[in-house]
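Shown below: data-v3.cif, with mmCIF, C-alpha atoms and all ligand atoms.
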data_work
loop_
_atom_site.label_atom_id
_atom_site.label_comp_id
_atom_site.auth_asym_id
_atom_site.auth_seq_id
_atom_site.Cartn_x
_atom_site.Cartn_y
_atom_site.Cartn_z
CA MET A 60 89.54 101.28 76.00
CA HIS A 61 89.28 102.16 79.69
CA ASN A 62 91.91 103.42 82.07
CA MET A 63 91.43 102.38 85.67
CA LEU A 64 93.47 103.88 88.47
CA ILE A 65 93.47 101.95 91.75
CA VAL A 66 94.76 103.75 94.83
CA ASN A 67 95.23 101.49 97.85
CA SER A 68 96.13 102.89 101.25
CA SER A 69 95.77 100.07 103.78
CA PRO A 70 99.04 99.01 105.42
CA ARG A 71 97.51 95.59 106.22
CA SER A 72 98.22 92.61 103.96
CA ASN A 73 94.89 90.98 104.89
CA SER A 74 93.08 94.23 104.29
CA VAL A 75 89.36 94.43 103.67
CA SER A 76 89.63 97.50 101.44
CA ARG A 77 92.42 95.91 99.38
CA ARG A 78 90.40 92.74 98.85
CA LEU A 79 87.42 94.83 97.76
CA THR A 80 89.34 97.07 95.35
CA ALA A 81 90.80 93.89 93.78
CA TYR A 82 87.32 92.35 93.61
CA PHE A 83 85.84 95.39 91.90
CA ALA A 84 88.74 95.60 89.44
CA ASP A 85 88.27 91.92 88.49
CA GLU A 86 84.51 92.36 88.06
CA TRP A 87 85.05 95.48 85.97
CA LYS A 88 87.71 93.82 83.79
CA ALA A 89 85.42 90.83 83.17
CA LYS A 90 82.90 93.30 81.67
CA HIS A 91 85.49 95.55 80.04
CA PRO A 92 88.50 93.42 79.04
CA ASP A 93 90.07 96.38 77.24
CA THR A 94 90.82 98.08 80.55
CA ARG A 95 94.35 99.26 81.36
CA VAL A 96 94.93 99.22 85.11
CA ILE A 97 97.42 101.34 87.02
CA GLU A 98 97.78 100.71 90.72
CA ARG A 99 99.23 103.15 93.23
CA ASP A 100 99.99 101.39 96.47
CA LEU A 101 100.56 104.26 98.87
CA THR A 102 101.99 102.01 101.57
CA VAL A 103 104.75 100.61 99.36
CA ASP A 104 105.68 104.01 98.02
CA SER A 105 104.38 106.49 100.59
CA PRO A 106 104.08 109.97 99.15
CA PRO A 107 106.07 112.64 101.00
CA PHE A 108 104.37 115.50 102.85
CA VAL A 109 104.34 118.85 101.07
CA SER A 110 107.40 120.95 101.93
CA GLU A 111 108.16 124.67 101.63
CA ALA A 112 110.11 123.96 98.44
CA TRP A 113 107.10 122.11 97.02
CA ILE A 114 104.70 124.93 97.89
CA GLN A 115 106.98 127.58 96.36
CA ALA A 116 107.41 125.48 93.22
CA SER A 117 103.71 124.86 92.82
CA TYR A 118 102.93 128.59 93.04
CA THR A 119 105.71 129.53 90.59
CA PRO A 120 104.42 129.85 86.99
CA PRO A 121 105.57 126.75 85.03
CA ALA A 122 107.76 128.71 82.61
CA GLN A 123 109.69 130.29 85.49
CA ARG A 124 110.37 127.12 87.48
CA THR A 125 113.99 126.21 88.13
CA PRO A 126 115.14 122.64 87.46
CA ALA A 127 115.06 122.07 91.25
CA GLN A 128 111.45 123.28 91.39
CA GLN A 129 110.49 121.05 88.46
CA GLN A 130 112.09 118.18 90.33
CA ALA A 131 110.16 119.06 93.52
CA LEU A 132 106.89 118.74 91.57
CA GLN A 133 107.79 115.58 89.66
CA LEU A 134 105.80 113.11 91.77
CA SER A 135 102.85 115.48 92.04
CA ASP A 136 102.86 115.88 88.24
CA ALA A 137 102.96 112.09 87.79
CA LEU A 138 100.09 111.49 90.22
CA ILE A 139 97.99 114.17 88.52
CA GLU A 140 98.76 112.62 85.11
CA GLU A 141 97.44 109.30 86.41
CA LEU A 142 94.23 110.99 87.55
CA MET A 143 93.84 112.84 84.25
CA ALA A 144 94.30 109.63 82.28
CA ALA A 145 91.90 107.52 84.36
CA ASP A 146 88.23 107.23 83.52
CA VAL A 147 87.55 104.92 86.48
CA ILE A 148 89.21 105.70 89.80
CA VAL A 149 88.99 103.11 92.57
CA LEU A 150 90.03 104.18 96.05
CA GLY A 151 90.63 101.69 98.87
CA VAL A 152 90.24 103.63 102.09
CA PRO A 153 90.46 102.16 105.57
CA MET A 154 89.28 104.39 108.40
CA HIS A 155 92.22 105.35 110.62
CA ASN A 156 91.37 107.34 113.72
CA PHE A 157 88.06 108.55 112.27
CA SER A 158 89.68 109.79 109.06
CA ILE A 159 91.65 108.51 106.08
CA PRO A 160 95.19 107.05 106.35
CA ALA A 161 97.99 109.63 106.43
CA SER A 162 99.43 108.25 103.17
CA LEU A 163 96.17 108.98 101.36
CA LYS A 164 96.02 112.48 102.87
CA ALA A 165 99.56 113.00 101.52
CA TRP A 166 98.36 111.78 98.09
CA PHE A 167 95.44 114.25 98.14
CA ASP A 168 97.86 117.04 99.11
CA LEU A 169 100.04 116.22 96.09
CA VAL A 170 97.21 116.05 93.57
CA THR A 171 95.49 119.21 94.84
CA ARG A 172 97.38 121.82 92.80
CA ALA A 173 96.28 125.40 92.14
CA GLY A 174 95.91 126.01 88.42
CA LYS A 175 96.17 122.32 87.61
CA THR A 176 93.42 120.47 89.48
CA PHE A 177 91.53 123.41 91.00
CA SER A 178 91.22 127.17 90.59
CA TYR A 179 89.55 130.01 92.47
CA SER A 180 87.67 132.92 90.98
CA ASP A 181 85.07 135.41 92.23
CA LYS A 182 82.57 132.58 91.70
CA GLY A 183 84.44 130.40 94.20
CA PRO A 184 86.46 127.22 93.71
CA LYS A 185 86.37 125.18 90.53
CA GLY A 186 87.60 121.61 90.11
CA LEU A 187 89.70 121.22 86.98
CA LEU A 188 89.68 117.45 86.50
CA PRO A 189 87.64 116.71 83.38
CA ALA A 190 84.00 115.71 83.90
CA GLY A 191 82.82 112.14 83.34
CA LYS A 192 85.31 110.24 85.48
CA GLN A 193 83.75 107.62 87.72
CA VAL A 194 85.04 107.27 91.26
CA VAL A 195 84.39 104.19 93.37
CA ALA A 196 85.49 104.82 96.96
CA ILE A 197 85.59 101.60 98.96
CA VAL A 198 85.78 102.38 102.66
CA SER A 199 86.37 99.90 105.47
CA ARG A 200 85.98 100.66 109.14
CA GLY A 201 85.65 99.02 112.51
CA GLY A 202 82.50 100.84 113.50
CA VAL A 203 79.40 102.17 111.80
CA PHE A 204 78.55 105.83 111.44
CA ASP A 205 75.13 106.04 109.79
CA GLU A 206 73.29 104.34 112.68
CA GLY A 207 74.05 103.21 116.23
CA PRO A 208 76.01 104.94 118.98
CA ALA A 209 78.86 106.50 116.90
CA PRO A 210 77.58 109.88 115.68
CA ALA A 211 77.85 110.70 111.99
CA SER A 212 79.71 113.85 113.07
CA SER A 213 82.68 111.67 114.11
CA ASP A 214 83.04 110.35 110.54
CA PHE A 215 85.87 112.42 109.02
CA GLN A 216 86.52 109.77 106.37
CA VAL A 217 83.58 109.74 103.93
CA PRO A 218 82.72 113.47 104.20
CA TYR A 219 86.41 114.31 103.62
CA LEU A 220 86.59 112.03 100.59
CA ARG A 221 83.40 113.43 99.09
CA HIS A 222 84.51 117.01 99.67
CA MET A 223 88.01 116.59 98.23
CA LEU A 224 86.85 114.64 95.19
CA SER A 225 84.21 117.25 94.43
CA PHE A 226 86.74 120.06 95.01
CA LEU A 227 88.92 118.53 92.29
CA GLY A 228 85.95 118.24 89.91
CA LEU A 229 85.12 114.57 90.49
CA GLU A 230 81.35 114.53 90.90
CA GLU A 231 80.48 110.96 89.88
CA VAL A 232 81.33 109.31 93.19
CA THR A 233 79.96 106.06 94.60
CA VAL A 234 80.91 105.15 98.15
CA ILE A 235 80.67 101.49 99.16
CA ALA A 236 81.25 100.76 102.84
CA ALA A 237 82.40 97.59 104.54
CA ASP A 238 81.83 98.77 108.07
CA ARG A 239 81.31 96.93 111.42
CA GLN A 240 84.70 95.21 110.99
CA GLY A 241 85.17 95.37 114.75
CA PHE A 242 81.81 93.76 115.58
CA GLY A 243 82.91 90.12 115.45
CA ALA A 244 83.72 87.80 112.55
CA GLU A 245 80.14 87.04 111.52
CA VAL A 246 78.92 90.64 111.40
CA ALA A 247 82.16 91.75 109.72
CA GLN A 248 81.78 89.09 107.00
CA GLN A 249 78.13 90.04 106.42
CA SER A 250 79.21 93.60 105.81
CA VAL A 251 81.92 92.48 103.37
CA ASP A 252 79.41 90.22 101.55
CA ASN A 253 77.03 93.15 101.31
CA ALA A 254 79.78 95.35 99.85
CA VAL A 255 80.71 92.59 97.36
CA GLN A 256 77.12 92.45 96.12
CA LYS A 257 77.00 96.21 95.67
CA LEU A 258 80.35 96.20 93.85
CA SER A 259 79.16 93.47 91.45
CA ALA A 260 76.07 95.50 90.65
CA LEU A 261 78.15 98.63 90.24
CA ALA A 262 80.61 96.95 87.86
CA ALA A 263 77.66 95.71 85.79
CA HIS A 264 75.84 99.04 85.62
CA LEU A 265 78.39 101.79 86.00
CA PRO A 266 78.20 103.93 82.90
CA SER A 267 81.40 103.87 80.91
CA THR A 268 82.76 107.13 79.53
CA ALA A 269 81.85 105.81 76.09
CA ALA A 270 78.24 105.44 77.25
CA LEU A 271 78.33 108.87 78.86
CA ALA A 272 79.62 110.45 75.68
CA ALA A 273 76.96 108.72 73.56
C1 LIG B 301 95.50 102.49 113.03
C2 LIG B 301 94.03 102.13 112.96
C3 LIG B 301 93.08 103.07 113.33
C4 LIG B 301 91.73 102.74 113.25
N1 LIG B 301 90.80 103.70 113.59
C5 LIG B 301 89.49 103.40 113.47
C6 LIG B 301 88.50 104.39 113.78
O1 LIG B 301 88.78 105.51 114.16
N2 LIG B 301 87.20 104.05 113.64
C7 LIG B 301 86.80 102.82 113.19
O2 LIG B 301 85.60 102.59 113.06
N3 LIG B 301 87.72 101.87 112.90
C8 LIG B 301 89.05 102.14 113.02
N4 LIG B 301 89.97 101.18 112.72
C9 LIG B 301 89.52 99.88 112.20
C10 LIG B 301 89.71 99.80 110.70
O3 LIG B 301 89.06 100.87 110.05
C11 LIG B 301 89.16 98.48 110.17
O4 LIG B 301 89.93 97.45 110.75
C12 LIG B 301 89.22 98.39 108.66
O5 LIG B 301 88.85 97.11 108.25
C13 LIG B 301 90.62 98.71 108.16
O6 LIG B 301 90.66 98.59 106.75
P1 LIG B 301 91.64 97.52 106.06
O7 LIG B 301 91.13 96.17 106.50
O8 LIG B 301 91.48 97.77 104.61
O9 LIG B 301 93.02 97.80 106.57
C14 LIG B 301 91.32 101.46 112.81
C15 LIG B 301 92.31 100.52 112.46
C16 LIG B 301 93.65 100.85 112.53
C17 LIG B 301 94.67 99.82 112.13
#
Render the structure in this file as structure tokens.
Amino acid sequence: MHNMLIVNSSPRSNSVSRRLTAYFADEWKAKHPDTRVIERDLTVDSPPFVSEAWIQASYTPPAQRTPAQQQALQLSDALIEELMAADVIVLGVPMHNFSIPASLKAWFDLVTRAGKTFSYSDKGPKGLLPAGKQVVAIVSRGGVFDEGPAPASSDFQVPYLRHMLSFLGLEEVTVIAADRQGFGAEVAQQSVDNAVQKLSALAAHLPSTAALAA
């Protein structure tokens, strides 16, 4: 039995990243029919930004939280539960203004909780999500950042994703890019086709947690 969490963040109905997360989920399910899928569509149900009440609640020890503080953390708790339960996490991430969409940033802010998904000690930060989860981050963008005129230093999307996922303890991360979406229909389609091929191969070969545990 697998648990797949899909997090989509494109506001566009004809979205490249949405089509690719759906494609990967279908490929994966064809190989692993016993997969339970949960989808979080961050544009239907946009997560709120963290507030002062949220911050105070999250830094109050659980046993001392008031009912109002428990309520303030309810969505954050639910999103973290989804992450804890998932063994395959699929992120659909369009590039917006060189970074990730604001809704996905809000999601990261809610799942990044001291004492729950990360901790600090004299040895530095430690991600607290259990090891072995596979993350497939499917990024779509108008330009291209690993060659050509746009410098890699202007890519605040993939480096941010990699850093945050690792900070939370998610180290098994594969990034698949459908870039060049602004370079005309033919080039854009080639890039999507390329991503589709990589996603098929990934669905076929990605180690399952069962295989990892064996
Ligand atoms: C609001 C907005 C901002 C964007 N900013 C960038 C950008 O900074 N760099 C880039 O290469 N493409 C940018 N794009 C292009 C998108 O990344 C591209 O269209 C991608 O396919 C969007 O993913 P989606 O099809 O899943 O929505 C932007 C698009 C939108 C709608």
**Request:** May I ask which of the residues A:Phe226, A:Lys88, A:Gly201, A:Tyr118 is the closest one to Ala244 in chain A, counting all atoms listed in the file?
**Result:** A:Gly201
**Request:** May I have the protein, DNA and RNA residues with an atom at most 10 Å from (93.9, 129.4, 94.1), counting all atoms listed in the file in the file's coordinates, returned as a VMD selection string?
**Result:** chain A and resid 118 172 to 175 177 to 180 183 to 185
**Asked** Looking at only C-alpha atoms and all ligand atoms, which of A:His61, A:His91, A:His222, A:Arg239 is the one that sits closest to ligand LIG 301 (chain B)?
**Response**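 Looking only at the distances to ligand LIG 301 (chain B), the closest residue turns out to be A:Arg239.
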**Message:** When you count all atoms listed in the file, which of these residues is closest to ligand LIG 301 (chain B): A:Thr233, A:Gln240, A:Thr94, A:Gln123?
**Reply:** A:Gln240
**Message:** If we count all atoms listed in the file and set the cut-off at 10 Å, which residues sit around Phe108 in chain A, ignoring sequence neighbours fewer than 5 positions away in its own chain? Please answer as number ranges by chain.
**Reply:** A: 113, 161-162, 164-166, 168-169
Could the residues that lie within 6 Å of ligand LIG 301 (chain B), counting all atoms listed in the file, be listed as a compact mmCIF listing (two decimals) with C-alpha atoms, keeping the file's coordinate frame?
# COMPACT_ATOMS: atom_id res chain seq x y z
CA SER A 69 95.77 100.07 103.78
CA ARG A 71 97.51 95.59 106.22
CA SER A 74 93.08 94.23 104.29
CA VAL A 75 89.36 94.43 103.67
CA SER A 76 89.63 97.50 101.44
CA ARG A 77 92.42 95.91 99.38
CA PRO A 153 90.46 102.16 105.57
CA MET A 154 89.28 104.39 108.40
CA HIS A 155 92.22 105.35 110.62
CA ASN A 156 91.37 107.34 113.72
CA PHE A 157 88.06 108.55 112.27
CA SER A 199 86.37 99.90 105.47
CA ARG A 200 85.98 100.66 109.14
CA GLY A 201 85.65 99.02 112.51
CA GLY A 202 82.50 100.84 113.50
CA GLN A 240 84.70 95.21 110.99
**Request:** Measuring atom to atom with all atoms listed in the file, identify which of A:Pro106, A:Pro189, A:Gly151, A:Ser225 is nearest to Tyr82 in chain A.
**Result:**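 Selected residue with least distance to Tyr82 in chain A: A:Gly151.
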**Item:** Residues near Asp104 in chain A, cut-off 12 Å, all atoms listed in the file, skip fewer than 5 positions along chain, as number ranges by chain
**Value:** A: 66-68, 70, 98-99, 134, 162-163, 165-166
How big is the axis-aligned box around the listed atoms of range 171-178 of chain A once 5 Å is added on each side, and where is its centre? Give both in Å to one decimal, as lines of an AutoDock Vina configuration file.
center_x = 94.3
center_y = 123.2
center_z = 91.2
size_x = 16.2
size_y = 18.0
size_z = 17.2
**Fill in**
If you count all atoms listed in the file, the residue of A:Val195, A:Leu188, A:Ala247, A:Ala263 closest to Leu229 in chain A turns out to be A:Leu188
